[in-house]
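The structure under discussion appears below in the form of structure tokens.
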Amino acid sequence: MSNPFDSLESFENGWVPRGFWAWLLTLAACLLALIVAVLAYGMVLPVRFDGLGGFAATYALLYPLHVLLFTGVGAVTAYIALRCRARFAAWVLGLVSILTIIMALIPTFAIRERASEFNVPVSLGNYLANAGHRNDGLPQSERSVVYGTAKDGTKLELDVWRSGLPNTGPLRPAVVFVHGGGWVLGNRSGRPEWNRWLNQLGYEVFDVEYRMPPPVRWQDEIGDVKAAVGWVAAHAADYNVDPARITMMGKSAGGNLALLAAYSMGDPQLPPSTDVAPVAIRSVVDLYGPTEMAMLYSSSASRHFVQTVEKKYIGGTPEEFPERYRVLSPLYHISAQTPPTITFHGASDRVVPLDQATVLDQALSKAEVAHETYILPGNDHGFDVNWGGFETQIARAKIEDFLHRH
């Protein structure tokens with residue numbers, strides 16, 4: 001008669017770790033599985049950006065093919081675990097490898113398919129060449145110019161990124177770039193790769209610094225941006241720039257300010273911070289910028305973060321200052337004279353919801369304004385941090401074509 005404990009002993013011999021290395025591999029497998037589970041959860045569900053959502057966005061949604069590193073680690077460690085007879089660890093690591101392949105390839109295939117729909121060729125080589133690149137930077141003192149002095153005595157600065165072309169010949173177009181950071185963070189020249197790329201296309205770039213809270217800056221931020229635009233137009237001859245061909249470009253909060261500056265130019269409710277003339281903006285490039293501020297306050301998946309920064313910037317809630325929220329919303333400044341606009345927005349943006357791009361697109365269509373809107377599947381807020389990412393390759397291709405036509 002067989003021993004009833006034989007099967008239990010067999011199970012333990014196969015699945016219960018025995019020895020130091022087997023236990024170490026099992027603990028490592030469980031830790032890796034936990035990290036991957038958090039990434040997967042954050043990719044699928046709109047977890048707030050200033051928590052696990054930020055972790056998931058940074059390491060998964062923004063860099064999907066980088067997740068294959070977990071696949072490699074899991075597969076190699078699973079093989080080692082089998083050799084050490086740590087069967088449970090090998091099983092867990094095998095699941096990790098399968099899951100991370102899915103996590104890496106689904107968003108990658110989705111954005112490749114969208115690139116095909118947009119008729120934009122994307123390059124794996126470009127992605128890999130920029131795999132370790134991070135598109136961020138600090139103010140460039142050697143490029144810095146004071147574009148005005150605010151009433152509070154603050155010297156307002158911008159960085160001038162020259163194309164390197166001669167200061168003679170036909171006048172060239174310019175881009176006024178506005179940094180993001182939720183209206184409370186960030187700095188000029190914070191995205192240097194955009195400036196360098198625009199320079200390569202022949203654009204003179206003026207990367208603007210604006211005042212941020214404290215104190216409340218609901219008129220100062222847009223006022224500073226308009227002052228910078230006025231300064232660029234007034235000094236256009238110094239840089240061989242055509243003042244009639246100035247494009248606004250911004251990301252996140254900077255996208256909001258770029259849209260607002262272009263759409264509300266000349267509006268007495270939002271005057272420039274210095275004594276400059278209104279400037280007719282040629283076109284606008286909007287990277288995931290908010291367009292309806294009260295809606296953003298209530299609909300963002302990162303509500304705690306968004307509500308905190310909006311209150312610092314505007315001075316309170318939409319209930320307390322409804323007119324401020326309205327006047328700071330580009331959506332309510334659209335008219336038949338609004339300049340052509342191109343917008344890019346991640347479908348999985350957990351800071352600025354996709355509906356911000358949708359309502360802008362609808363309003364521009366209603367006003368019969370030339371515009372283009374590109375929704376990028378599987379992409380979160382700040383997708384262009386991955387400079388080689390397929391989504392950023394799409395954005396560059398479409399922006400180049402748009403600026404050529406506008």
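Chain labels run A, B, ... following the order of the structure tokens; each chain numbers its residues from 1, and ligands are numbered from 1 in the order shown.
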>> When you look at Pro121 in chain A with a cut-off of 8 Å (counting only C-alpha atoms), what residues show up, excluding the ones that are within fewer than 3 positions of it in the same chain? I need them as a ChimeraX atom specification.
In response: /A:115-116,394
> Which polymer residues have any atom within 10 Å of an atom of range 319-326 of chain A, counting only C-alpha atoms, with same-chain residues fewer than 6 positions away left out, as a ChimeraX atom specification?
Replying inline: /A:218-219,269,291-295,297,310-311,332-333
Selection: 10 Å around Leu69 in chain A, only C-alpha atoms, excl. self and same-chain fewer than 4 positions, as a short mmCIF file (atom, residue, chain, number, x, y, z; two decimals) with C-alpha atoms, in the first residue's frame:
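Full text of around_24.cif as output:
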```
data_model
loop_
_atom_site.label_atom_id
_atom_site.label_comp_id
_atom_site.auth_asym_id
_atom_site.auth_seq_id
_atom_site.Cartn_x
_atom_site.Cartn_y
_atom_site.Cartn_z
CA LEU A 65 10.25 48.05 -26.06
CA VAL A 73 16.15 38.93 -17.32
CA GLY A 74 13.18 36.67 -16.63
CA ALA A 75 14.15 34.10 -19.26
CA SER A 97 8.65 36.65 -19.54
CA THR A 100 6.38 41.38 -20.50
CA ILE A 101 6.45 40.30 -24.14
CA ALA A 104 6.02 45.43 -24.91
#
```
> Where in range 117-346 of chain A does DSSP assign strand (DSSP E), given as JSON, numbers by chain?
Replying inline: {"A": [144, 145, 146, 147, 148, 149, 155, 156, 157, 158, 159, 160, 161, 172, 173, 174, 175, 176, 177, 178, 204, 205, 206, 207, 208, 241, 242, 243, 244, 245, 246, 247, 248, 249, 250, 251, 283, 284, 285, 286, 287, 341, 342, 343, 344, 345, 346]}
>> Taking only C-alpha atoms into account, name the residue in A:Gln356, A:Ser300, A:Thr274, A:Ser348 that is nearest to Gly255 in chain A.
In response: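 Result for the nearest residue to Gly255 in chain A: A:Gln356.
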> Rounded to one decimal in Å, what is the spacing between CA of Val309 in chain A and CA of Gly289 in chain A?
Replying inline: 14.4 Å
> Within 6 Å of Asn240 in chain A, counting only C-alpha atoms, which residues qualify if same-chain residues fewer than 3 places away don't, as an MDAnalysis selection string?
Replying inline: chainID A and resid 167 171 237
